[in-house]
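Asker: The file below is protein-v3.pdb, PDB, N, CA and C atoms:
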```
MODEL        1
ATOM      1  N   MET S 226      81.609  27.759  39.061
ATOM      2  CA  MET S 226      81.681  29.100  38.509
ATOM      3  C   MET S 226      81.232  29.120  37.050
ATOM      4  N   LEU S 227      81.458  28.027  36.325
ATOM      5  CA  LEU S 227      81.093  27.988  34.915
ATOM      6  C   LEU S 227      79.799  27.230  34.648
ATOM      7  N   GLY S 228      79.426  26.356  35.534
ATOM      8  CA  GLY S 228      78.173  25.648  35.372
ATOM      9  C   GLY S 228      78.249  24.335  34.626
ATOM     10  N   SER S 229      79.387  24.016  34.036
ATOM     11  CA  SER S 229      79.510  22.733  33.347
ATOM     12  C   SER S 229      80.907  22.158  33.557
ATOM     13  N   LYS S 230      80.938  20.869  33.724
ATOM     14  CA  LYS S 230      82.206  20.178  33.972
ATOM     15  C   LYS S 230      83.151  20.327  32.777
ATOM     16  N   GLU S 231      82.593  20.256  31.577
ATOM     17  CA  GLU S 231      83.415  20.346  30.373
ATOM     18  C   GLU S 231      84.086  21.709  30.251
ATOM     19  N   ASP S 232      83.346  22.773  30.537
ATOM     20  CA  ASP S 232      83.930  24.114  30.495
ATOM     21  C   ASP S 232      85.016  24.265  31.556
ATOM     22  N   ALA S 233      84.775  23.705  32.730
ATOM     23  CA  ALA S 233      85.771  23.773  33.804
ATOM     24  C   ALA S 233      87.047  23.028  33.412
ATOM     25  N   GLU S 234      86.893  21.878  32.759
ATOM     26  CA  GLU S 234      88.075  21.126  32.317
ATOM     27  C   GLU S 234      88.841  21.894  31.250
ATOM     28  N   ASP S 235      88.129  22.540  30.329
ATOM     29  CA  ASP S 235      88.788  23.340  29.298
ATOM     30  C   ASP S 235      89.557  24.502  29.916
ATOM     31  N   VAL S 236      88.935  25.165  30.875
ATOM     32  CA  VAL S 236      89.591  26.293  31.540
ATOM     33  C   VAL S 236      90.823  25.809  32.296
ATOM     34  N   THR S 237      90.726  24.656  32.935
ATOM     35  CA  THR S 237      91.870  24.105  33.670
ATOM     36  C   THR S 237      93.054  23.887  32.735
ATOM     37  N   GLN S 238      92.800  23.328  31.571
ATOM     38  CA  GLN S 238      93.876  23.126  30.595
ATOM     39  C   GLN S 238      94.461  24.462  30.151
ATOM     40  N   ASP S 239      93.590  25.438  29.880
ATOM     41  CA  ASP S 239      94.065  26.754  29.460
ATOM     42  C   ASP S 239      94.914  27.410  30.546
ATOM     43  N   VAL S 240      94.496  27.241  31.796
ATOM     44  CA  VAL S 240      95.231  27.830  32.922
ATOM     45  C   VAL S 240      96.628  27.228  33.019
ATOM     46  N   LEU S 241      96.720  25.919  32.929
ATOM     47  CA  LEU S 241      98.039  25.278  33.033
ATOM     48  C   LEU S 241      98.958  25.697  31.897
ATOM     49  N   LEU S 242      98.425  25.766  30.691
ATOM     50  CA  LEU S 242      99.247  26.197  29.557
ATOM     51  C   LEU S 242      99.677  27.654  29.711
ATOM     52  N   LYS S 243      98.757  28.497  30.149
ATOM     53  CA  LYS S 243      99.083  29.908  30.324
ATOM     54  C   LYS S 243     100.112  30.092  31.439
ATOM     55  N   ALA S 244      99.958  29.346  32.532
ATOM     56  CA  ALA S 244     100.903  29.450  33.639
ATOM     57  C   ALA S 244     102.299  29.005  33.209
ATOM     58  N   LEU S 245     102.388  27.930  32.460
ATOM     59  CA  LEU S 245     103.693  27.475  31.974
ATOM     60  C   LEU S 245     104.324  28.491  31.035
ATOM     61  N   ALA S 246     103.513  29.072  30.164
ATOM     62  CA  ALA S 246     104.034  30.045  29.205
ATOM     63  C   ALA S 246     104.483  31.333  29.891
ATOM     64  N   ARG S 247     103.870  31.669  31.022
ATOM     65  CA  ARG S 247     104.175  32.928  31.708
ATOM     66  C   ARG S 247     104.860  32.726  33.052
ATOM     67  N   LEU S 248     105.475  31.593  33.227
ATOM     68  CA  LEU S 248     106.152  31.299  34.488
ATOM     69  C   LEU S 248     107.219  32.344  34.809
ATOM     70  N   HIS S 249     107.852  32.894  33.780
ATOM     71  CA  HIS S 249     108.882  33.911  34.001
ATOM     72  C   HIS S 249     108.306  35.210  34.578
ATOM     73  N   GLN S 250     106.982  35.401  34.489
ATOM     74  CA  GLN S 250     106.347  36.603  35.018
ATOM     75  C   GLN S 250     105.978  36.481  36.500
ATOM     76  N   PHE S 251     106.109  35.283  37.053
ATOM     77  CA  PHE S 251     105.808  35.091  38.472
ATOM     78  C   PHE S 251     106.853  35.815  39.297
ATOM     79  N   ARG S 252     106.411  36.761  40.150
ATOM     80  CA  ARG S 252     107.328  37.636  40.875
ATOM     81  C   ARG S 252     107.625  37.183  42.296
ATOM     82  N   GLN S 253     107.061  36.129  42.741
ATOM     83  CA  GLN S 253     107.270  35.589  44.079
ATOM     84  C   GLN S 253     106.899  36.557  45.193
ATOM     85  N   GLU S 254     106.020  37.505  44.889
ATOM     86  CA  GLU S 254     105.512  38.405  45.920
ATOM     87  C   GLU S 254     104.401  37.724  46.715
ATOM     88  N   SER S 255     103.838  36.680  46.128
ATOM     89  CA  SER S 255     102.813  35.890  46.796
ATOM     90  C   SER S 255     103.140  34.418  46.558
ATOM     91  N   ALA S 256     102.327  33.556  47.122
ATOM     92  CA  ALA S 256     102.547  32.120  46.936
ATOM     93  C   ALA S 256     102.229  31.726  45.498
ATOM     94  N   PHE S 257     102.894  30.699  45.021
ATOM     95  CA  PHE S 257     102.666  30.217  43.664
ATOM     96  C   PHE S 257     101.208  29.803  43.479
ATOM     97  N   GLY S 258     100.634  29.157  44.485
ATOM     98  CA  GLY S 258      99.236  28.728  44.412
ATOM     99  C   GLY S 258      98.282  29.897  44.249
ATOM    100  N   THR S 259      98.570  30.993  44.935
ATOM    101  CA  THR S 259      97.742  32.193  44.824
ATOM    102  C   THR S 259      97.795  32.741  43.409
ATOM    103  N   TRP S 260      98.965  32.770  42.829
ATOM    104  CA  TRP S 260      99.159  33.252  41.471
ATOM    105  C   TRP S 260      98.392  32.369  40.488
ATOM    106  N   LEU S 261      98.472  31.066  40.689
ATOM    107  CA  LEU S 261      97.793  30.112  39.812
ATOM    108  C   LEU S 261      96.272  30.220  39.940
ATOM    109  N   VAL S 262      95.783  30.378  41.156
ATOM    110  CA  VAL S 262      94.341  30.521  41.366
ATOM    111  C   VAL S 262      93.836  31.805  40.718
ATOM    112  N   GLN S 263      94.600  32.872  40.772
ATOM    113  CA  GLN S 263      94.177  34.127  40.151
ATOM    114  C   GLN S 263      94.083  33.980  38.635
ATOM    115  N   ILE S 264      95.022  33.262  38.043
ATOM    116  CA  ILE S 264      94.948  32.983  36.609
ATOM    117  C   ILE S 264      93.678  32.191  36.308
ATOM    118  N   ALA S 265      93.377  31.201  37.141
ATOM    119  CA  ALA S 265      92.186  30.366  36.941
ATOM    120  C   ALA S 265      90.907  31.198  37.041
ATOM    121  N   ILE S 266      90.841  32.082  38.005
ATOM    122  CA  ILE S 266      89.659  32.929  38.161
ATOM    123  C   ILE S 266      89.485  33.820  36.937
ATOM    124  N   ASN S 267      90.569  34.417  36.476
ATOM    125  CA  ASN S 267      90.487  35.288  35.299
ATOM    126  C   ASN S 267      90.067  34.507  34.061
ATOM    127  N   GLU S 268      90.603  33.311  33.868
ATOM    128  CA  GLU S 268      90.230  32.485  32.719
ATOM    129  C   GLU S 268      88.761  32.086  32.783
ATOM    130  N   ALA S 269      88.286  31.741  33.962
ATOM    131  CA  ALA S 269      86.878  31.359  34.114
ATOM    132  C   ALA S 269      85.968  32.547  33.815
ATOM    133  N   ARG S 270      86.350  33.721  34.263
ATOM    134  CA  ARG S 270      85.553  34.913  33.970
ATOM    135  C   ARG S 270      85.519  35.206  32.484
ATOM    136  N   MET S 271      86.645  35.067  31.816
ATOM    137  CA  MET S 271      86.685  35.292  30.373
ATOM    138  C   MET S 271      85.821  34.264  29.643
ATOM    139  N   ARG S 272      85.868  33.010  30.081
ATOM    140  CA  ARG S 272      85.054  31.972  29.456
ATOM    141  C   ARG S 272      83.570  32.265  29.650
ATOM    142  N   ARG S 273      83.211  32.715  30.848
ATOM    143  CA  ARG S 273      81.813  33.044  31.130
ATOM    144  C   ARG S 273      81.327  34.191  30.250
ATOM    145  N   ARG S 274      82.181  35.186  30.032
ATOM    146  CA  ARG S 274      81.813  36.298  29.143
ATOM    147  C   ARG S 274      81.595  35.809  27.725
ATOM    148  N   LYS S 275      82.472  34.926  27.261
ATOM    149  CA  LYS S 275      82.320  34.375  25.907
ATOM    150  C   LYS S 275      81.034  33.578  25.786
ATOM    151  N   LEU S 276      80.715  32.785  26.794
ATOM    152  CA  LEU S 276      79.496  31.979  26.761
ATOM    153  C   LEU S 276      78.259  32.871  26.802
ATOM    154  N   ARG S 277      78.296  33.911  27.591
ATOM    155  CA  ARG S 277      77.155  34.823  27.706
ATOM    156  C   ARG S 277      76.925  35.557  26.397
ATOM    157  N   ARG S 278      78.001  35.934  25.719
ATOM    158  CA  ARG S 278      77.895  36.661  24.469
ATOM    159  C   ARG S 278      77.277  35.796  23.381
ATOM    160  N   GLY S 279      77.561  34.488  23.406
ATOM    161  CA  GLY S 279      77.073  33.595  22.369
ATOM    162  C   GLY S 279      75.681  33.057  22.604
ATOM    163  N   ARG S 280      75.121  33.287  23.767
ATOM    164  CA  ARG S 280      73.807  32.751  24.102
ATOM    165  C   ARG S 280      72.711  33.585  23.451
ATOM    166  N   MET S 281      71.739  32.902  22.874
ATOM    167  CA  MET S 281      70.602  33.593  22.281
ATOM    168  C   MET S 281      69.331  33.118  22.949
ATOM    169  N   LEU S 282      68.453  34.032  23.194
ATOM    170  CA  LEU S 282      67.194  33.702  23.831
ATOM    171  C   LEU S 282      66.055  33.867  22.843
ATOM    172  N   SER S 283      65.068  33.024  22.971
ATOM    173  CA  SER S 283      63.893  33.100  22.131
ATOM    174  C   SER S 283      63.039  34.289  22.545
ATOM    175  N   LEU S 284      62.445  34.949  21.565
ATOM    176  CA  LEU S 284      61.558  36.059  21.869
ATOM    177  C   LEU S 284      60.142  35.576  22.145
ATOM    178  N   THR S 285      59.886  34.319  21.853
ATOM    179  CA  THR S 285      58.582  33.728  22.141
ATOM    180  C   THR S 285      58.696  32.855  23.379
ATOM    181  N   ASN S 286      57.580  32.401  23.880
ATOM    182  CA  ASN S 286      57.599  31.526  25.049
ATOM    183  C   ASN S 286      58.289  30.218  24.743
ATOM    184  N   GLY S 287      58.089  29.680  23.549
ATOM    185  CA  GLY S 287      58.800  28.490  23.118
ATOM    186  C   GLY S 287      58.295  27.186  23.675
ATOM    187  N   ALA S 288      57.350  27.177  24.580
ATOM    188  CA  ALA S 288      56.886  25.927  25.174
ATOM    189  C   ALA S 288      56.193  25.040  24.151
ATOM    190  N   ASP S 289      55.399  25.648  23.271
ATOM    191  CA  ASP S 289      54.698  24.857  22.260
ATOM    192  C   ASP S 289      55.163  25.208  20.857
ATOM    193  N   ASP S 290      56.353  25.721  20.741
ATOM    194  CA  ASP S 290      56.901  26.156  19.461
ATOM    195  C   ASP S 290      57.354  24.951  18.643
ATOM    196  N   ASP S 291      56.760  24.798  17.443
ATOM    197  CA  ASP S 291      57.151  23.682  16.579
ATOM    198  C   ASP S 291      58.041  24.134  15.432
ATOM    199  N   GLY S 292      58.491  25.369  15.459
ATOM    200  CA  GLY S 292      59.411  25.869  14.449
ATOM    201  C   GLY S 292      58.734  26.643  13.341
ATOM    202  N   THR S 293      57.420  26.659  13.286
ATOM    203  CA  THR S 293      56.729  27.411  12.244
ATOM    204  C   THR S 293      56.458  28.818  12.726
ATOM    205  N   TYR S 294      56.480  29.733  11.790
ATOM    206  CA  TYR S 294      56.243  31.138  12.125
ATOM    207  C   TYR S 294      54.773  31.462  11.932
ATOM    208  N   VAL S 295      54.156  31.992  12.951
ATOM    209  CA  VAL S 295      52.765  32.426  12.884
ATOM    210  C   VAL S 295      52.719  33.862  13.364
ATOM    211  N   PRO S 296      52.430  34.811  12.443
ATOM    212  CA  PRO S 296      52.394  36.210  12.861
ATOM    213  C   PRO S 296      51.240  36.461  13.819
ATOM    214  N   GLN S 297      51.438  37.370  14.734
ATOM    215  CA  GLN S 297      50.401  37.725  15.690
ATOM    216  C   GLN S 297      49.884  39.104  15.376
ATOM    217  N   ARG S 298      48.616  39.317  15.622
ATOM    218  CA  ARG S 298      48.022  40.631  15.409
ATOM    219  C   ARG S 298      48.413  41.568  16.546
ATOM    220  N   LEU S 299      48.558  42.825  16.210
ATOM    221  CA  LEU S 299      48.891  43.830  17.223
ATOM    222  C   LEU S 299      47.676  44.428  17.833
TER
ENDMDL
END
```
Please render this file's structure as structure tokens.
Answerer:
Amino acid sequence: MLGSKEDAEDVTQDVLLKALARLHQFRQESAFGTWLVQIAINEARMRRRKLRRGRMLSLTNGADDDGTYVPQRL
């Protein structure tokens, strides 16, 4: 879901900490595993949004870009 093992491991740690901190909010209307998986899905979605927001794309093709700026005629 996240595309990288490191991000998945970070989310897993966040999920466990969040679940422990909010254990008193578990209402036992569903299985504990279901509740935990839902927290994990929400955390992964939030992480993906953060990663998407921070990503920048080049406006040039970039294949032969050596870092110098060369203006183009219109």
Asker: Identify, on the basis of only N, CA and C atoms, every residue whose closest approach to segment 265-279 of chain S does not exceed 7 Å; exclude the query and any residue fewer than 5 positions from it along the same chain; express the result as a list in words.
Answerer: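 Neighbouring residues, sequence-local ones excluded: Met226, Leu227, Val236, Val240 and Trp260 of chain S.
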Asker: Limited to N, CA and C atoms, could you put the picked residues into a file as a PDB file, in the frame of the given file?
Answerer:
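The new file again_26.pdb reads:
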```
ATOM      1  N   MET S 226      81.609  27.759  39.061  1.00  0.00           N
ATOM      2  CA  MET S 226      81.681  29.100  38.509  1.00  0.00           C
ATOM      3  C   MET S 226      81.232  29.120  37.050  1.00  0.00           C
ATOM      4  N   LEU S 227      81.458  28.027  36.325  1.00  0.00           N
ATOM      5  CA  LEU S 227      81.093  27.988  34.915  1.00  0.00           C
ATOM      6  C   LEU S 227      79.799  27.230  34.648  1.00  0.00           C
ATOM      7  N   VAL S 236      88.935  25.165  30.875  1.00  0.00           N
ATOM      8  CA  VAL S 236      89.591  26.293  31.540  1.00  0.00           C
ATOM      9  C   VAL S 236      90.823  25.809  32.296  1.00  0.00           C
ATOM     10  N   VAL S 240      94.496  27.241  31.796  1.00  0.00           N
ATOM     11  CA  VAL S 240      95.231  27.830  32.922  1.00  0.00           C
ATOM     12  C   VAL S 240      96.628  27.228  33.019  1.00  0.00           C
ATOM     13  N   TRP S 260      98.965  32.770  42.829  1.00  0.00           N
ATOM     14  CA  TRP S 260      99.159  33.252  41.471  1.00  0.00           C
ATOM     15  C   TRP S 260      98.392  32.369  40.488  1.00  0.00           C
TER      16      TRP S 260
END
```
Asker: Kindly give the distance, in Å, that separates atom C of Thr237 of chain S and atom N of Val262 of chain S, rounded to a single decimal.
Answerer: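 These atoms are spaced 11.0 Å apart.
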Asker: Step by step, gather every atom of segment 265-271 of chain S that the file lists, find the box along x, y and z that holds them, add 6 Å on each side, and finally give centre and edge lengths in Å to one decimal, as JSON.
Answerer:
```
{"center_x": 89.4, "center_y": 32.8, "center_z": 33.9, "size_x": 19.9, "size_y": 16.9, "size_z": 20.5}
```
Asker: Tell me, in Å to one decimal, how far atom CA of Leu261 of chain S is from atom C of Leu241 of chain S.
Answerer: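 If I compute the distance from atom CA of Leu261 of chain S to atom C of Leu241 of chain S, I get 9.1 Å.
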Asker: Mind giving me the straight-line distance from atom CA of Lys230 of chain S to atom CA of Ala256 of chain S in Å, one decimal?
Answerer: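 Answer for the atom CA of Lys230 of chain S to atom CA of Ala256 of chain S separation: 26.9 Å.
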